[in-house]
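Asker: Below is the file final_34.cif, which contains mmCIF, C-alpha atoms; chains and numbers go by the auth columns.
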data_query
loop_
_atom_site.group_PDB
_atom_site.id
_atom_site.type_symbol
_atom_site.label_atom_id
_atom_site.label_comp_id
_atom_site.label_asym_id
_atom_site.label_seq_id
_atom_site.Cartn_x
_atom_site.Cartn_y
_atom_site.Cartn_z
_atom_site.B_iso_or_equiv
_atom_site.auth_seq_id
_atom_site.auth_asym_id
ATOM 1 C CA MET A 1 118.496 119.904 61.526 0.00 1 O
ATOM 2 C CA ASP A 2 116.818 116.575 62.249 0.00 2 O
ATOM 3 C CA PHE A 3 118.925 113.449 62.007 0.00 3 O
ATOM 4 C CA GLU A 4 118.019 110.402 59.919 0.00 4 O
ATOM 5 C CA GLY A 5 120.667 107.715 59.808 0.00 5 O
ATOM 6 C CA ILE A 6 121.627 104.062 59.881 0.00 6 O
ATOM 7 C CA TYR A 7 124.838 102.293 60.798 0.00 7 O
ATOM 8 C CA CYS A 8 126.279 100.110 58.029 0.00 8 O
ATOM 9 C CA PHE A 9 128.427 97.390 59.520 0.00 9 O
ATOM 10 C CA ASP A 10 129.757 96.154 56.170 0.00 10 O
ATOM 11 C CA THR A 11 131.263 99.551 55.271 0.00 11 O
ATOM 12 C CA ALA A 12 131.906 100.846 58.824 0.00 12 O
ATOM 13 C CA THR A 13 129.982 104.026 58.018 0.00 13 O
ATOM 14 C CA VAL A 14 126.953 105.932 59.166 0.00 14 O
ATOM 15 C CA ARG A 15 124.642 106.759 56.267 0.00 15 O
ATOM 16 C CA PHE A 16 122.484 109.799 56.786 0.00 16 O
ATOM 17 C CA ALA A 17 120.028 112.016 54.951 0.00 17 O
ATOM 18 C CA VAL A 18 120.217 115.759 54.413 0.00 18 O
ATOM 19 C CA TYR A 19 117.722 118.098 52.803 0.00 19 O
ATOM 20 C CA PRO A 20 119.681 120.892 51.063 0.00 20 O
ATOM 21 C CA ASP A 21 116.531 122.910 50.272 0.00 21 O
ATOM 22 C CA GLY A 22 114.717 122.222 53.515 0.00 22 O
ATOM 23 C CA PRO A 23 112.320 119.470 54.623 0.00 23 O
ATOM 24 C CA GLY A 24 110.124 119.786 51.526 0.00 24 O
ATOM 25 C CA GLY A 25 113.035 119.487 49.107 0.00 25 O
ATOM 26 C CA VAL A 26 115.187 116.751 47.711 0.00 26 O
ATOM 27 C CA ARG A 27 116.534 114.100 50.106 0.00 27 O
ATOM 28 C CA VAL A 28 120.252 113.442 49.677 0.00 28 O
ATOM 29 C CA VAL A 29 122.003 110.468 51.276 0.00 29 O
ATOM 30 C CA GLY A 30 125.595 110.745 52.418 0.00 30 O
ATOM 31 C CA GLN A 31 127.902 108.738 54.606 0.00 31 O
ATOM 32 C CA ILE A 32 130.690 109.342 57.068 0.00 32 O
ATOM 33 C CA SER A 33 133.271 106.767 58.028 0.00 33 O
ATOM 34 C CA GLU A 34 133.739 105.378 61.494 0.00 34 O
ATOM 35 C CA GLU A 35 137.374 106.493 61.263 0.00 35 O
ATOM 36 C CA THR A 36 136.351 110.108 60.550 0.00 36 O
ATOM 37 C CA LEU A 37 133.974 110.142 63.506 0.00 37 O
ATOM 38 C CA HIS A 38 136.791 108.849 65.710 0.00 38 O
ATOM 39 C CA ASP A 39 139.541 111.144 64.417 0.00 39 O
ATOM 40 C CA LYS A 40 137.623 114.392 63.873 0.00 40 O
ATOM 41 C CA PHE A 41 135.096 114.304 66.672 0.00 41 O
ATOM 42 C CA GLY A 42 136.935 112.187 69.254 0.00 42 O
ATOM 43 C CA VAL A 43 134.143 109.630 69.239 0.00 43 O
ATOM 44 C CA ARG A 44 135.044 106.427 71.071 0.00 44 O
ATOM 45 C CA GLU A 45 131.862 104.508 70.334 0.00 45 O
ATOM 46 C CA ILE A 46 131.852 101.677 67.834 0.00 46 O
ATOM 47 C CA GLY A 47 129.169 99.917 65.856 0.00 47 O
ATOM 48 C CA HIS A 48 125.583 101.043 66.234 0.00 48 O
ATOM 49 C CA SER A 49 126.555 103.500 68.987 0.00 49 O
ATOM 50 C CA LEU A 50 128.050 105.630 66.203 0.00 50 O
ATOM 51 C CA LEU A 51 124.510 106.682 65.275 0.00 51 O
ATOM 52 C CA ASP A 52 124.248 108.638 68.512 0.00 52 O
ATOM 53 C CA ALA A 53 127.692 110.131 67.947 0.00 53 O
ATOM 54 C CA CYS A 54 126.803 111.187 64.414 0.00 54 O
ATOM 55 C CA LYS A 55 123.537 112.695 65.652 0.00 55 O
ATOM 56 C CA LYS A 56 125.410 114.592 68.366 0.00 56 O
ATOM 57 C CA HIS A 57 127.745 116.175 65.783 0.00 57 O
ATOM 58 C CA PHE A 58 125.228 116.528 62.978 0.00 58 O
ATOM 59 C CA ASP A 59 125.201 120.316 63.302 0.00 59 O
ATOM 60 C CA THR A 60 128.725 120.137 61.819 0.00 60 O
ATOM 61 C CA ILE A 61 128.349 117.068 59.583 0.00 61 O
ATOM 62 C CA GLY A 62 125.090 118.123 57.885 0.00 62 O
ATOM 63 C CA PRO A 63 126.309 121.459 56.481 0.00 63 O
ATOM 64 C CA VAL A 64 129.518 119.842 55.182 0.00 64 O
ATOM 65 C CA ALA A 65 127.471 117.194 53.375 0.00 65 O
ATOM 66 C CA ILE A 66 125.199 119.867 51.888 0.00 66 O
ATOM 67 C CA ALA A 67 128.223 121.850 50.696 0.00 67 O
ATOM 68 C CA ARG A 68 129.618 118.709 49.008 0.00 68 O
ATOM 69 C CA TYR A 69 126.231 118.097 47.371 0.00 69 O
ATOM 70 C CA ARG A 70 126.016 121.661 46.063 0.00 70 O
ATOM 71 C CA ALA A 71 129.583 121.508 44.727 0.00 71 O
ATOM 72 C CA GLN A 72 129.013 118.176 42.930 0.00 72 O
ATOM 73 C CA PRO A 73 125.316 117.321 42.600 0.00 73 O
ATOM 74 C CA GLY A 74 124.668 113.716 41.683 0.00 74 O
ATOM 75 C CA ARG A 75 128.024 112.480 43.001 0.00 75 O
ATOM 76 C CA PRO A 76 128.211 110.177 46.039 0.00 76 O
ATOM 77 C CA ILE A 77 128.831 111.966 49.318 0.00 77 O
ATOM 78 C CA THR A 78 131.364 110.155 51.467 0.00 78 O
ATOM 79 C CA LEU A 79 132.756 112.448 54.125 0.00 79 O
ATOM 80 C CA THR A 80 136.314 111.864 55.257 0.00 80 O
ATOM 81 C CA LEU A 81 138.703 113.659 57.558 0.00 81 O
ATOM 82 C CA ASP A 82 139.790 115.879 54.642 0.00 82 O
ATOM 83 C CA ASP A 83 136.289 117.373 54.488 0.00 83 O
ATOM 84 C CA PHE A 84 136.738 118.782 57.985 0.00 84 O
ATOM 85 C CA SER A 85 140.431 119.710 57.895 0.00 85 O
ATOM 86 C CA VAL A 86 141.699 123.220 57.413 0.00 86 O
ATOM 87 C CA ARG A 87 143.570 123.228 54.163 0.00 87 O
ATOM 88 C CA ARG A 88 146.732 125.246 54.379 0.00 88 O
ATOM 89 C CA SER A 89 148.321 126.911 51.426 0.00 89 O
ATOM 90 C CA VAL A 90 151.748 125.652 50.422 0.00 90 O
ATOM 91 C CA GLN A 91 152.514 128.939 48.721 0.00 91 O
ATOM 92 C CA PRO A 92 154.431 130.506 51.673 0.00 92 O
ATOM 93 C CA VAL A 93 156.606 127.382 51.920 0.00 93 O
ATOM 94 C CA MET A 94 157.325 127.464 48.196 0.00 94 O
ATOM 95 C CA ARG A 95 158.136 131.180 48.349 0.00 95 O
ATOM 96 C CA HIS A 96 160.549 130.520 51.220 0.00 96 O
ATOM 97 C CA ARG A 97 162.280 127.765 49.246 0.00 97 O
ATOM 98 C CA GLU A 98 162.580 130.020 46.192 0.00 98 O
ATOM 99 C CA GLU A 99 164.097 132.802 48.308 0.00 99 O
ATOM 100 C CA ALA A 100 166.538 130.362 49.916 0.00 100 O
ATOM 101 C CA ALA A 101 167.563 129.028 46.495 0.00 101 O
ATOM 102 C CA ALA A 102 168.085 132.566 45.174 0.00 102 O
ATOM 103 C CA MET A 103 170.267 133.480 48.160 0.00 103 O
ATOM 104 C CA SER A 104 172.481 130.414 47.761 0.00 104 O
ATOM 105 C CA ALA A 105 172.963 130.930 44.013 0.00 105 O
#
Could you take the file, read its structure, and then write that structure out as structure tokens?
Answerer:
Amino acid sequence: MDFEGIYCFDTATVRFAVYPDGPGGVRVVGQISEETLHDKFGVREIGHSLLDACKKHFDTIGPVAIARYRAQPGRPITLTLDDFSVRRSVQPVMRHREEAAAMSA
């Protein structure tokens, strides 16, 4: 996937384009925060150097942006750390608490 992006100093983000249906399809613009690039990808660059960092990790960032677009077309795409985190179910914890409460009753 080719990378098209700009660094936006005022929002501390990298804005980038993705093409969900391939190069001949619609162009969708998304953004990823400087903080997300630092925390998720271990990037230490700041400012305009974040463009290179985003390009380096675009094989991961691009598909996540496309998935967000497909899930909510027409909505702004702002990727945060939550978009890359493994979401764990709280159900086992809740089940454990229920069992503990039943045993103490």
Asker: Give as a count of residues only every residue, naming chains and numbers as the document does, that has an atom within 10 Å of (128.3, 114.5, 60.2), counting only C-alpha atoms.
Answerer: 27
Asker: If I wrap all listed atoms of range 26-30 of chain O in a box with edges along x, y and z and add 8 Å on each side, what are its centre and edge lengths in Å to one decimal, as AutoDock Vina command-line options?
Answerer:
--center_x 120.4 --center_y 113.6 --center_z 50.1 --size_x 26.4 --size_y 22.3 --size_z 20.7
Asker: To one decimal in Å, tell me the separation between CA of Arg70 in chain O and CA of Asp10 in chain O.
Answerer: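 Going from CA of Arg70 in chain O over to CA of Asp10 in chain O, I get 27.7 Å.
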Asker: From the set O:Ala71, O:Asp82, O:Asp39, O:Ile66, which residue has the shortest atom-to-atom contact distance to Ala17 in chain O, counting all atoms listed in the file?
Answerer: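 Looking at the shortest contact to Ala17 in chain O, the residue is O:Ile66.
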Asker: Counting only C-alpha atoms, which of O:Thr13, O:Glu4, O:Val29, O:Gly22 gets nearest to Pro76 in chain O?
Answerer: O:Val29
Asker: Closest to Leu50 in chain O among O:Phe9, O:Ser85, O:Asp2, O:Val26, using all atoms listed in the file?
Answerer: O:Phe9
Asker: At what distance in Å, to one decimal, does CA of Asp83 in chain O lie from CA of Arg27 in chain O?
Answerer: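 Pair CA of Arg27 in chain O / CA of Asp83 in chain O returns 20.5 Å.
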Asker: Would you mind reading off the distance between CA of Gly5 in chain O and CA of Val18 in chain O, one decimal, in Å?
Answerer: 9.7 Å
